[in-house]
Amino acid sequence: MNTALKRTLCGAAAACATWLTALPAAAQAQGQHEDARHGKLLLTGGVSSVDGSAGGGLTPWALTGTYATEGQWGWSAFVTRLRTQDYGYWGGGLALSGDDRWELSLARQDFDTGATGTALGLPGLHLKQDVLAAKWRMAGEALLDSDSAWPQLALGVQMRRLDAAGLAPTLAALGARTRDTEFTLSATKLLLGPGLLLNGTLRWTRANQNGLLGFGSTASPARSLQPELSVAWLLRRDLAVGAEYRRMPDKLNPSALGEGLAADDWKDVFVAWAPTKTASLTVAWADLGRIVPAVAPKPQRGLYLSVQVTP
């Protein structure tokens, strides 16, 4: 690397460090001057998760989607694309929220099994799942109670239906259901000073790979509580970075394939940008761990893109 290029890169790094240091203070100042009567601050409704509920990309938050406040209603739509080494994923859906109290959402997921489906004798196999979800804010207000020690709390229910196509007989033989309901309890805390949002979710579930491989099994039929964690740092009013972790149940492991259907936890790091209240873009690097390691033993990692519009 020549000397001029080194100087350029070092100067850019120093400028970025100065800029990032100043951003939280700017976000705090802007947030303090925002009039709550004009609605929520940018990004305080989260983005659309893969299951349709408002939150991060992988896990729901206690916040309700859209910018509807008390006495108002709003709706949003999203589309998501994820590509890993061996699999492809498309998702999309709609959400409706009202009174800053409740939220209804519907999401459609399409998982392309790629070479794994071919190896299983099912070329062109797509696993498709519908998720109908509802969320109710039980207590707290993340923005108005930002100076309180108590978080905002929300209870959620997700009704899932899987179309496993040619894989359905295999899932039935393993004792995995293709329809199920799961429940979530989320706690979200917004710290306006440092511009931090913290979220913890408990999910009562038996979903295999988020339901794409059915629910439960003969060996492990019961639901279990799984933790999910999110942190987001508001760099500016319209820009946030963060990370998520989602514990996945391992109901198909062991099976007739030994550990060949073992599930790993999901995680990501993300950047969310909302230039206006009508649109947001989320870019993430997602790590879904192994998915059917009997055929695809490598961890599945890739770029996650999601666009949300809120008319």
# chains A, B, ... in the order shown; residues from 1 in each chain; ligands from 1

call {"tool": "select_by_dssp", "arguments": {"residues": "stretch 36-200 of chain A", "states": "strand (DSSP E or B)", "output": "PyMOL selection string"}}
result
chain A and resi 47-48+54-55+60+73-83+88-98+102-112+126-139+152-163+177+179-191+196-200

call {"tool": "residues_around", "arguments": {"residues": "A:Val271", "least_positions_apart": "6", "cutoff": "12 Å", "atoms": "only C-alpha atoms", "output": "PyMOL selection string"}}
result
chain A and resi 43+46-47+56-57+231-236+238-244+280-286+303-306

call {"tool": "select_by_dssp", "arguments": {"residues": "stretch 60-221 of chain A", "states": "alpha helix (DSSP H)", "output": "list in words"}}
result
Gly114, Ala115, Thr116, Gly117, Thr118, Ala119, Ala168, Pro169, Thr170, Leu171, Ala172, Ala173 and Leu174 of chain A

call {"tool": "residues_around", "arguments": {"residues": "A:Ala279", "least_positions_apart": "6", "cutoff": "9 Å", "atoms": "only C-alpha atoms", "output": "ChimeraX atom specification"}}
result
/A:273,307-311

call {"tool": "residues_around", "arguments": {"residues": "A:Ala54", "least_positions_apart": "6", "cutoff": "8 Å", "atoms": "only C-alpha atoms", "output": "MDAnalysis selection string"}}
result
chainID A and resid 45:48 60:61 63:65

call {"tool": "closest_residue", "arguments": {"among": "A:Ala142, A:Ala115, A:Ala172, A:Ala154", "to": "A:Leu196", "atoms": "only C-alpha atoms"}}
result
A:Ala142

call {"tool": "atom_distance", "arguments": {"atom1": "atom CA of A:Met159", "atom2": "atom CA of A:Asp268"}}
result
24.4 Å

call {"tool": "residues_around", "arguments": {"residues": "stretch 203-219 of chain A", "least_positions_apart": "6", "cutoff": "6 Å", "atoms": "only C-alpha atoms", "output": "list in words"}}
result
Leu174, Gly175, Ala176, Arg177, Thr178, Glu182, Phe183, Thr184, Leu225, Gln226, Lys251 and Leu252 of chain A

call {"tool": "write_last_selection", "arguments": {"atoms": "N, CA and C atoms", "output": "PDB file, in the first residue's frame"}}
result
ATOM      1  N   LEU A 174     -41.158 -38.044  11.591  1.00  0.00           N
ATOM      2  CA  LEU A 174     -40.392 -37.569  12.742  1.00  0.00           C
ATOM      3  C   LEU A 174     -41.292 -37.057  13.861  1.00  0.00           C
ATOM      4  N   GLY A 175     -42.597 -36.973  13.598  1.00  0.00           N
ATOM      5  CA  GLY A 175     -43.531 -36.479  14.599  1.00  0.00           C
ATOM      6  C   GLY A 175     -43.611 -34.975  14.665  1.00  0.00           C
ATOM      7  N   ALA A 176     -43.169 -34.289  13.605  1.00  0.00           N
ATOM      8  CA  ALA A 176     -43.210 -32.826  13.577  1.00  0.00           C
ATOM      9  C   ALA A 176     -44.538 -32.349  13.005  1.00  0.00           C
ATOM     10  N   ARG A 177     -45.187 -31.425  13.682  1.00  0.00           N
ATOM     11  CA  ARG A 177     -46.448 -30.857  13.213  1.00  0.00           C
ATOM     12  C   ARG A 177     -46.188 -29.849  12.092  1.00  0.00           C
ATOM     13  N   THR A 178     -47.215 -29.550  11.324  1.00  0.00           N
ATOM     14  CA  THR A 178     -47.114 -28.506  10.308  1.00  0.00           C
ATOM     15  C   THR A 178     -47.930 -27.270  10.675  1.00  0.00           C
ATOM     16  N   GLU A 182     -47.332 -20.210  18.953  1.00  0.00           N
ATOM     17  CA  GLU A 182     -46.325 -19.926  19.968  1.00  0.00           C
ATOM     18  C   GLU A 182     -46.571 -18.547  20.565  1.00  0.00           C
ATOM     19  N   PHE A 183     -45.960 -18.308  21.718  1.00  0.00           N
ATOM     20  CA  PHE A 183     -46.232 -17.100  22.488  1.00  0.00           C
ATOM     21  C   PHE A 183     -44.921 -16.399  22.836  1.00  0.00           C
ATOM     22  N   THR A 184     -44.981 -15.057  22.881  1.00  0.00           N
ATOM     23  CA  THR A 184     -43.793 -14.282  23.209  1.00  0.00           C
ATOM     24  C   THR A 184     -44.125 -13.249  24.287  1.00  0.00           C
ATOM     25  N   LEU A 225     -39.146 -22.583  26.695  1.00  0.00           N
ATOM     26  CA  LEU A 225     -38.865 -21.152  26.679  1.00  0.00           C
ATOM     27  C   LEU A 225     -37.486 -20.900  26.093  1.00  0.00           C
ATOM     28  N   GLN A 226     -37.420 -20.010  25.111  1.00  0.00           N
ATOM     29  CA  GLN A 226     -36.163 -19.680  24.454  1.00  0.00           C
ATOM     30  C   GLN A 226     -35.926 -18.177  24.549  1.00  0.00           C
ATOM     31  N   LYS A 251     -35.496 -29.493  18.711  1.00  0.00           N
ATOM     32  CA  LYS A 251     -36.471 -30.561  18.920  1.00  0.00           C
ATOM     33  C   LYS A 251     -36.263 -31.769  18.013  1.00  0.00           C
ATOM     34  N   LEU A 252     -35.549 -31.620  16.912  1.00  0.00           N
ATOM     35  CA  LEU A 252     -35.316 -32.742  15.993  1.00  0.00           C
ATOM     36  C   LEU A 252     -33.993 -33.454  16.263  1.00  0.00           C
TER      37      LEU A 252
END

call {"tool": "atom_distance", "arguments": {"atom1": "atom CA of A:Ala62", "atom2": "atom CA of A:Asp130"}}
result
21.6 Å

call {"tool": "closest_residue", "arguments": {"among": "A:Lys135, A:Lys189, A:Trp73, A:Asp99", "to": "A:Asp147", "atoms": "only C-alpha atoms"}}
result
A:Lys189

call {"tool": "residues_around", "arguments": {"residues": "A:Tyr89", "least_positions_apart": "4", "cutoff": "6 Å", "atoms": "only C-alpha atoms", "output": "JSON, numbers by chain"}}
result
{"A": [81, 82, 110, 111]}

call {"tool": "residues_around", "arguments": {"residues": "A:Arg179", "least_positions_apart": "4", "cutoff": "7 Å", "atoms": "only C-alpha atoms", "output": "PDB file with C-alpha atoms, in the first residue's frame"}}
result
ATOM      1  CA  ARG A 160     -48.023 -20.681  12.067  1.00  0.00           C
ATOM      2  CA  ARG A 161     -48.879 -22.912   9.131  1.00  0.00           C
ATOM      3  CA  LEU A 162     -46.204 -24.745   7.126  1.00  0.00           C
TER       4      LEU A 162
END

call {"tool": "atom_distance", "arguments": {"atom1": "atom CA of A:Gly98", "atom2": "atom CA of A:Ala68"}}
result
6.1 Å

call {"tool": "decode", "arguments": {"residues": "stretch 25-99 of chain A", "atoms": "C-alpha atoms", "output": "PDB file, in the first residue's frame"}}
result
ATOM      1  CA  ALA A  25     -25.174  13.531  21.541  1.00  0.00           C
ATOM      2  CA  ALA A  26     -26.821  14.792  18.353  1.00  0.00           C
ATOM      3  CA  ALA A  27     -29.426  12.040  18.495  1.00  0.00           C
ATOM      4  CA  GLN A  28     -30.142  12.867  22.129  1.00  0.00           C
ATOM      5  CA  ALA A  29     -30.547  16.570  21.431  1.00  0.00           C
ATOM      6  CA  GLN A  30     -32.854  15.964  18.511  1.00  0.00           C
ATOM      7  CA  GLY A  31     -34.884  13.458  20.493  1.00  0.00           C
ATOM      8  CA  GLN A  32     -35.345  15.858  23.387  1.00  0.00           C
ATOM      9  CA  HIS A  33     -36.732  18.512  21.061  1.00  0.00           C
ATOM     10  CA  GLU A  34     -39.149  16.144  19.306  1.00  0.00           C
ATOM     11  CA  ASP A  35     -42.750  16.944  20.246  1.00  0.00           C
ATOM     12  CA  ALA A  36     -44.475  13.699  21.285  1.00  0.00           C
ATOM     13  CA  ARG A  37     -47.771  15.071  19.966  1.00  0.00           C
ATOM     14  CA  HIS A  38     -46.376  14.703  16.429  1.00  0.00           C
ATOM     15  CA  GLY A  39     -45.895  10.940  16.788  1.00  0.00           C
ATOM     16  CA  LYS A  40     -43.044   8.573  17.489  1.00  0.00           C
ATOM     17  CA  LEU A  41     -39.414   9.317  16.761  1.00  0.00           C
ATOM     18  CA  LEU A  42     -37.860   7.720  13.697  1.00  0.00           C
ATOM     19  CA  LEU A  43     -37.019   4.008  14.168  1.00  0.00           C
ATOM     20  CA  THR A  44     -38.754   3.814  17.571  1.00  0.00           C
ATOM     21  CA  GLY A  45     -41.292   1.460  16.017  1.00  0.00           C
ATOM     22  CA  GLY A  46     -38.524  -0.925  14.996  1.00  0.00           C
ATOM     23  CA  VAL A  47     -38.565  -2.637  11.618  1.00  0.00           C
ATOM     24  CA  SER A  48     -40.397  -5.726  10.386  1.00  0.00           C
ATOM     25  CA  SER A  49     -38.987  -9.015  11.651  1.00  0.00           C
ATOM     26  CA  VAL A  50     -38.946 -12.143   9.467  1.00  0.00           C
ATOM     27  CA  ASP A  51     -42.177 -13.197  11.208  1.00  0.00           C
ATOM     28  CA  GLY A  52     -43.915  -9.875  10.543  1.00  0.00           C
ATOM     29  CA  SER A  53     -43.967  -8.418  14.075  1.00  0.00           C
ATOM     30  CA  ALA A  54     -42.238  -5.106  14.720  1.00  0.00           C
ATOM     31  CA  GLY A  55     -38.776  -5.368  16.221  1.00  0.00           C
ATOM     32  CA  GLY A  56     -35.394  -6.361  14.849  1.00  0.00           C
ATOM     33  CA  GLY A  57     -34.903  -8.607  11.860  1.00  0.00           C
ATOM     34  CA  LEU A  58     -34.888 -11.824  13.897  1.00  0.00           C
ATOM     35  CA  THR A  59     -36.865 -11.096  17.035  1.00  0.00           C
ATOM     36  CA  PRO A  60     -39.936  -9.032  18.093  1.00  0.00           C
ATOM     37  CA  TRP A  61     -39.740  -6.058  20.421  1.00  0.00           C
ATOM     38  CA  ALA A  62     -42.361  -4.754  22.840  1.00  0.00           C
ATOM     39  CA  LEU A  63     -42.891  -1.776  20.529  1.00  0.00           C
ATOM     40  CA  THR A  64     -45.828  -1.676  18.139  1.00  0.00           C
ATOM     41  CA  GLY A  65     -45.068  -1.130  14.466  1.00  0.00           C
ATOM     42  CA  THR A  66     -45.753   2.015  12.410  1.00  0.00           C
ATOM     43  CA  TYR A  67     -45.773   5.506  13.889  1.00  0.00           C
ATOM     44  CA  ALA A  68     -49.375   5.417  15.108  1.00  0.00           C
ATOM     45  CA  THR A  69     -49.739   6.907  18.586  1.00  0.00           C
ATOM     46  CA  GLU A  70     -52.678   7.077  20.998  1.00  0.00           C
ATOM     47  CA  GLY A  71     -55.943   7.431  19.100  1.00  0.00           C
ATOM     48  CA  GLN A  72     -54.274   6.730  15.734  1.00  0.00           C
ATOM     49  CA  TRP A  73     -53.834   3.726  13.489  1.00  0.00           C
ATOM     50  CA  GLY A  74     -51.323   2.902  10.766  1.00  0.00           C
ATOM     51  CA  TRP A  75     -50.081   0.112   8.551  1.00  0.00           C
ATOM     52  CA  SER A  76     -46.828  -1.028   7.011  1.00  0.00           C
ATOM     53  CA  ALA A  77     -45.579  -3.514   4.416  1.00  0.00           C
ATOM     54  CA  PHE A  78     -42.204  -5.192   4.051  1.00  0.00           C
ATOM     55  CA  VAL A  79     -40.181  -7.494   1.836  1.00  0.00           C
ATOM     56  CA  THR A  80     -37.037  -9.367   2.924  1.00  0.00           C
ATOM     57  CA  ARG A  81     -34.324 -11.262   1.075  1.00  0.00           C
ATOM     58  CA  LEU A  82     -31.611 -13.486   2.565  1.00  0.00           C
ATOM     59  CA  ARG A  83     -29.073 -15.613   0.736  1.00  0.00           C
ATOM     60  CA  THR A  84     -26.660 -18.017   2.445  1.00  0.00           C
ATOM     61  CA  GLN A  85     -24.135 -20.494   1.066  1.00  0.00           C
ATOM     62  CA  ASP A  86     -26.725 -23.225   0.464  1.00  0.00           C
ATOM     63  CA  TYR A  87     -30.169 -21.647   0.849  1.00  0.00           C
ATOM     64  CA  GLY A  88     -32.319 -18.752  -0.311  1.00  0.00           C
ATOM     65  CA  TYR A  89     -35.134 -16.953   1.485  1.00  0.00           C
ATOM     66  CA  TRP A  90     -37.841 -14.496   0.468  1.00  0.00           C
ATOM     67  CA  GLY A  91     -40.351 -13.035   2.893  1.00  0.00           C
ATOM     68  CA  GLY A  92     -42.978 -10.337   2.937  1.00  0.00           C
ATOM     69  CA  GLY A  93     -46.020  -9.180   4.799  1.00  0.00           C
ATOM     70  CA  LEU A  94     -48.295  -6.511   6.208  1.00  0.00           C
ATOM     71  CA  ALA A  95     -48.847  -5.093   9.694  1.00  0.00           C
ATOM     72  CA  LEU A  96     -51.586  -2.949  11.204  1.00  0.00           C
ATOM     73  CA  SER A  97     -51.240  -1.140  14.526  1.00  0.00           C
ATOM     74  CA  GLY A  98     -53.517   1.108  16.523  1.00  0.00           C
ATOM     75  CA  ASP A  99     -53.598   3.323  19.607  1.00  0.00           C
TER      76      ASP A  99
END
